[in-house]
Structures are given as structure tokens and as C-alpha cells.
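The next block holds one structure in the form of C-alpha cells; read it before the comments.
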Amino acid sequence: MKALITGGAGFIGSHLADYLLEKGYSVTALDNLSTGSKKNIGHLLKNKNFKLVDGDILDETLVKKLVSEVEEVYHLAAALGVKNIMEKPLESLITNIKGTEIVLEAVANKKVKTFIASTSEVYGKQTGVLLTEDSDRVYGSTTTKRWSYADGKAVDEFLALGYHDEKDLPIVIGRLFNTVGPRQTGQYGMVIPRFVNQALKNEPLTVYNDGSMVRSFTYVGDAVEAIYGLMIKENTIGEVFNIGNGKTITIKRLAEKIIKMTNSQSVIEYIPYEEVFGKGFEDMQERKPSIAKINQYIGYDPKVNLDEILVRTIDYNRKFIVEGAYS
């Protein structure tokens, strides 16, 4: 089986490449290395069944060529990270919406089965409820840049479902909830690698607002296994699935846990949202996924709990900080 992973040098994409290669796939990774890194797939570059293409999903000719050579597509490429979205909203929207449209148009010609990576961000400010795939979405004003990413990924979902309904394209949509683990960078605002790196350097852990926000975290290995499980089933076609972990924690408690697990001298420093993201920034207080649907369809049940996620991430990041690979 031959597969194309857009964003294949990224955090999740590189782990997915590892997984598919272990399953006997030949894998092509398309990545412009804007947020991905050759470090993530350096161990694969000598594998005869792996190929890295340094290119962009906005290159329609290149995408069509690569799609013509494979039997499955995993579309993970996107502009992501709250910090990145706030600083480059237009570039992010174009990458996420036009890029997905180019991929869908290319796969539609061949009816190539395609996984579309979406995000828990599509639920917007919806809070205080267990989020199911059919839950209402609650967004802020269009003048608040924070919601441009959520809107863009929601459009991606509408596009994918439209191609499925009107062009009989076999697609599966997965909404990823805070996927974490080794290789993830804190450069774009991802909280666990940011906290871990700060703790390992005995720097203050910068908690935004009062740290009372509630989140759940999913180990990347569990997420990748779920993505593969969704793609090998036929009854998942045309469906949307939450890919997450039902266990939650406040961001303040997460910071305290990481300080303890790293034996760090760090303290917690609380910073207003506005100081980091600018005036008018909005966030959601709580985000907890229902994983009943994906469990029903493929038996998905996350195996790695938060403590083990942190152990693996701390061990990985400690090595790279010692070697000077991370700043």
C-alpha cells in the first residue's frame, strides 16, 4: 500500500509515517518544513520505503502528481498553533482552506480514500458540556482573530463532506484534541512542550490567565493508531470522529505536575492573555471530548495516561535540551 502524508515531517505526521511504515506501507511525506522539521523524520530518510518531498500543499501540480502515485492520503498539513494563527491569520486561512481544497480536488479524480485532520477548535467557545461530534459550535466575532483557525478548519470539514456527498469521495474526518508527545515543539504555543522545556531549564512556567482552563491530552501514539483504525474500516467513510482522551486537567494543575515530575526549581508565573496574544483575545474555559462514537466504530480506547505522556515527553526533551537541539 502506498500512502501520502501531507505535513509528513510534522509532529503527528512523522509519528504516522513511523506507524504506516511498520505496517508495510510505502510512505511519501509532503512538507514545506515551515512548522515541520527534518529532525522529526531524520531516522526515516534512509528507509527505501520512505520519501520526503520538500513542497507545499498550495502547489496544485505537485499535489496532483503525488496523489496519482498513492492509494491513500492522510491530509495533516496545516497552519497551526494559537500564536502562529494570531500572528499570521491570512496566511493561515489560505493554507488551511485553499490547501485542503487542492488536496480534495486531487484525490476526487482518483477516488482515493482520504483522512482529513480537523481539530477540537471547531467547537469554538462551547463549554460546560461533553463535546460530541454533533455538538453545536459557538464562535466569537469575526473581528477576533482567535476564531479564524476554528472557522478555517470547519470549512475544511464542510468541503470534505461536500466532496463525499457530491463526488462520492471516500473521506474520514478526525477532530484531534490536544495531541501531545515526543517531537512536539512549544514554539507555536503548545502547552506541554512549552511547560516541560521551561521546567527543565528552571525557568518560570508561564500560565496564561489564571490557569483554571480545563483540557484533555491525547498521546500521539494513541492518536495515530486511531487514524489508522478509521482508515481501514469501510463504515467510517463520510463520518466525523473525535480523537481524544476523556480525562481532563486544569492548566494550573498541569504546570504543578510538570514542576514536580522534573524536580524543577521553576515557579508558576501568571500572564494575562492580552500580554501574549494582544487585545481582545478569547479562549474556551473547558474542552472535553466524547469518544463514544470512535469507540463504537473501531474500539478506540486511549492506552497512555497523562503521567506516562509527561514521562515520555520529559525524557525526550531533556535529551534535546542537553544536546542543545532545542531553545
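A note on labels: chains of the C-alpha cells are A, B, ... as shown, every chain counts residues from 1, and ligands are counted from 1 in their shown order.
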* To do: Run DSSP on the backbone and grab whatever in region 37-276 of chain A lands in helix (DSSP H, G or I); send it over as a ChimeraX atom specification.
  => /A:38-44,60-67,82-87,89-110,120-123,145-167,191-200,220-231,251-261,273-276
* Shortest interatomic distance to Thr185 (chain A) - which of A:Asn197, A:Val129, A:Lys233, A:Val224, counting only C-alpha atoms ->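 Closest to Thr185 (chain A) of all the choices is A:Asn197.
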Give one line per residue of region 109-181 of chain A that approaches region 48-64 of chain A to at most 12 Å, naming the two atoms of the closest pair and their distance in Å to one decimal, counting only C-alpha atoms; sort by chain then ascending residue number and deliver it as a Markdown table.
| residue | atom | partner | partner_atom | distance |
| --- | --- | --- | --- | --- |
| A:Asn109 | CA | A:Lys64 | CA | 9.2 |
| A:Lys110 | CA | A:Lys64 | CA | 10.0 |
| A:Val112 | CA | A:Lys64 | CA | 11.6 |
* **Between CA of Tyr270 (chain A) and CA of Leu200 (chain A) - distance in Å to one decimal** => 18.5 Å
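With CA of Thr313 (chain A) on one side and CA of His15 (chain A) on the other, the separation reads 13.9 Å.
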* Near Leu169 (chain A), within 12 Å and counting only C-alpha atoms, which residues show up once chain neighbours fewer than 6 positions away are dropped, as a PyMOL selection string? -> chain A and resi 72-73+103-116+159-163+237-239
Residue neighbourhood Thr218 (chain A), 9 Å, only C-alpha atoms, exclusion window fewer than 3 positions, as an mmCIF file with N, CA and C atoms, in the first residue's frame:
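Generated file (part-v2.cif):
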data_model
loop_
_atom_site.group_PDB
_atom_site.id
_atom_site.type_symbol
_atom_site.label_atom_id
_atom_site.label_comp_id
_atom_site.auth_asym_id
_atom_site.auth_seq_id
_atom_site.Cartn_x
_atom_site.Cartn_y
_atom_site.Cartn_z
ATOM 1 N N LEU A 176 -8.900 16.213 16.205
ATOM 2 C CA LEU A 176 -7.848 15.908 17.166
ATOM 3 C C LEU A 176 -7.913 16.861 18.362
ATOM 4 N N PHE A 177 -7.873 16.286 19.553
ATOM 5 C CA PHE A 177 -7.902 17.053 20.799
ATOM 6 C C PHE A 177 -6.517 17.043 21.432
ATOM 7 N N ASN A 178 -5.835 18.174 21.459
ATOM 8 C CA ASN A 178 -4.572 18.346 22.186
ATOM 9 C C ASN A 178 -3.684 17.097 22.136
ATOM 10 N N THR A 179 -3.215 16.777 20.956
ATOM 11 C CA THR A 179 -2.351 15.617 20.772
ATOM 12 C C THR A 179 -0.928 15.991 21.169
ATOM 13 N N VAL A 180 -0.301 15.173 22.009
ATOM 14 C CA VAL A 180 0.989 15.539 22.593
ATOM 15 C C VAL A 180 1.928 14.335 22.642
ATOM 16 N N GLY A 181 3.230 14.634 22.878
ATOM 17 C CA GLY A 181 4.225 13.581 22.999
ATOM 18 C C GLY A 181 5.574 14.032 22.486
ATOM 19 N N GLY A 221 0.805 8.499 19.976
ATOM 20 C CA GLY A 221 0.713 7.104 19.538
ATOM 21 C C GLY A 221 -0.717 6.600 19.518
ATOM 22 N N ASP A 222 -1.512 7.001 20.509
ATOM 23 C CA ASP A 222 -2.928 6.642 20.525
ATOM 24 C C ASP A 222 -3.669 7.301 19.361
ATOM 25 N N ALA A 223 -3.336 8.576 19.099
ATOM 26 C CA ALA A 223 -3.999 9.299 18.006
ATOM 27 C C ALA A 223 -3.682 8.670 16.655
ATOM 28 N N ILE A 243 -11.054 12.462 18.188
ATOM 29 C CA ILE A 243 -9.898 11.644 18.568
ATOM 30 C C ILE A 243 -9.269 12.325 19.775
ATOM 31 N N GLY A 244 -9.545 11.792 20.952
ATOM 32 C CA GLY A 244 -9.075 12.459 22.153
ATOM 33 C C GLY A 244 -9.030 11.519 23.339
ATOM 34 N N ASN A 245 -8.982 12.126 24.520
ATOM 35 C CA ASN A 245 -8.936 11.395 25.774
ATOM 36 C C ASN A 245 -9.927 12.058 26.727
ATOM 37 N N GLY A 246 -10.771 11.284 27.343
ATOM 38 C CA GLY A 246 -11.832 11.845 28.171
ATOM 39 C C GLY A 246 -11.375 12.376 29.526
ATOM 40 N N PRO A 302 -7.984 5.099 24.554
ATOM 41 C CA PRO A 302 -6.609 5.561 24.757
ATOM 42 C C PRO A 302 -5.864 4.712 25.783
ATOM 43 N N VAL A 304 -2.425 5.408 26.810
ATOM 44 C CA VAL A 304 -1.369 6.120 27.538
ATOM 45 C C VAL A 304 -1.979 7.264 28.345
ATOM 46 N N ASN A 305 -1.821 7.211 29.676
ATOM 47 C CA ASN A 305 -2.403 8.258 30.529
ATOM 48 C C ASN A 305 -1.480 9.474 30.596
ATOM 49 N N LEU A 306 -1.941 10.531 31.230
ATOM 50 C CA LEU A 306 -1.206 11.787 31.235
ATOM 51 C C LEU A 306 0.157 11.663 31.906
ATOM 52 N N ILE A 309 2.456 10.113 29.480
ATOM 53 C CA ILE A 309 2.735 11.086 28.416
ATOM 54 C C ILE A 309 3.825 12.048 28.862
#
* Compare A:Pro170, A:Pro272, A:Gly211, A:Gly7 by their minimum atom-to-atom distance to Ala117 (chain A), counting only C-alpha atoms, and give me the closest one. =>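 Once distances to Ala117 (chain A) are computed over only C-alpha atoms, the minimum belongs to A:Gly7.
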* **Surrounding residues of Glu157 (chain A) excluding itself and chain neighbours under 6 positions, 10 Å, only C-alpha atoms, as number ranges by chain** => A: 97, 100, 116-119, 122, 151, 163, 172-175, 240
* **For Pro182 (chain A): contacts at 7 Å, only C-alpha atoms, fewer than 2 positions along chain excluded, given as a ChimeraX atom specification** => /A:184,312-313,316
* **Option closest in space to Ser120 (chain A), from A:Ile298, A:Ile12, A:Leu45, A:Met284 [counting only C-alpha atoms]** => A:Met284
* Asked: Quick one: DSSP strand (DSSP E or B) residues in region 91-250 of chain A, as a VMD selection string?
  -> chain A and resid 113 to 119 124 130 to 131 138 171 to 176 179 to 180 205 to 208 214 to 216 218 to 219 240 to 243 248 to 250
* Closest to Leu205 (chain A) among A:Gly10, A:Gly278, A:Gly24, A:Pro193, using only C-alpha atoms? -> A:Pro193
With region 76-93 of chain A as the partner and 7 Å as the cut-off, tabulate the residues of region 141-179 of chain A that qualify, each row holding the nearest pair of atoms and their distance in Å to one decimal, using only C-alpha atoms, sorted by chain and rising number, as a Markdown table.
| residue | atom | partner | partner_atom | distance |
| --- | --- | --- | --- | --- |
| A:Lys145 | CA | A:Met86 | CA | 6.1 |
| A:Arg146 | CA | A:Met86 | CA | 6.3 |
| A:Ser148 | CA | A:Pro89 | CA | 6.8 |
| A:Tyr149 | CA | A:Ile85 | CA | 6.6 |
| A:Gly152 | CA | A:Leu93 | CA | 5.8 |
Excluding same-chain residues fewer than 5 positions from Lys279 (chain A), what lies within 10 Å of it counting only C-alpha atoms, as a PDB file with C-alpha atoms, in the first residue's frame?
ATOM      1  CA  THR A 144     -11.445  38.324  16.937  1.00  0.00           C
ATOM      2  CA  TYR A 273      -3.906  36.688  27.637  1.00  0.00           C
ATOM      3  CA  GLU A 274      -3.572  40.217  26.278  1.00  0.00           C
TER       4      GLU A 274
END
* Asked: Of the candidates A:Gly124, A:Pro204, A:Gly42, A:Gly229, which one gets nearest to Ser264 (chain A) if we count only C-alpha atoms?
  ->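 Answer, going by the shortest atom-to-atom distance: A:Pro204.
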* Asked: From the set A:Tyr228, A:Val311, A:Ile94, A:Phe195, which residue has the shortest atom-to-atom contact distance to Leu21 (chain A), counting only C-alpha atoms?
  -> A:Tyr228
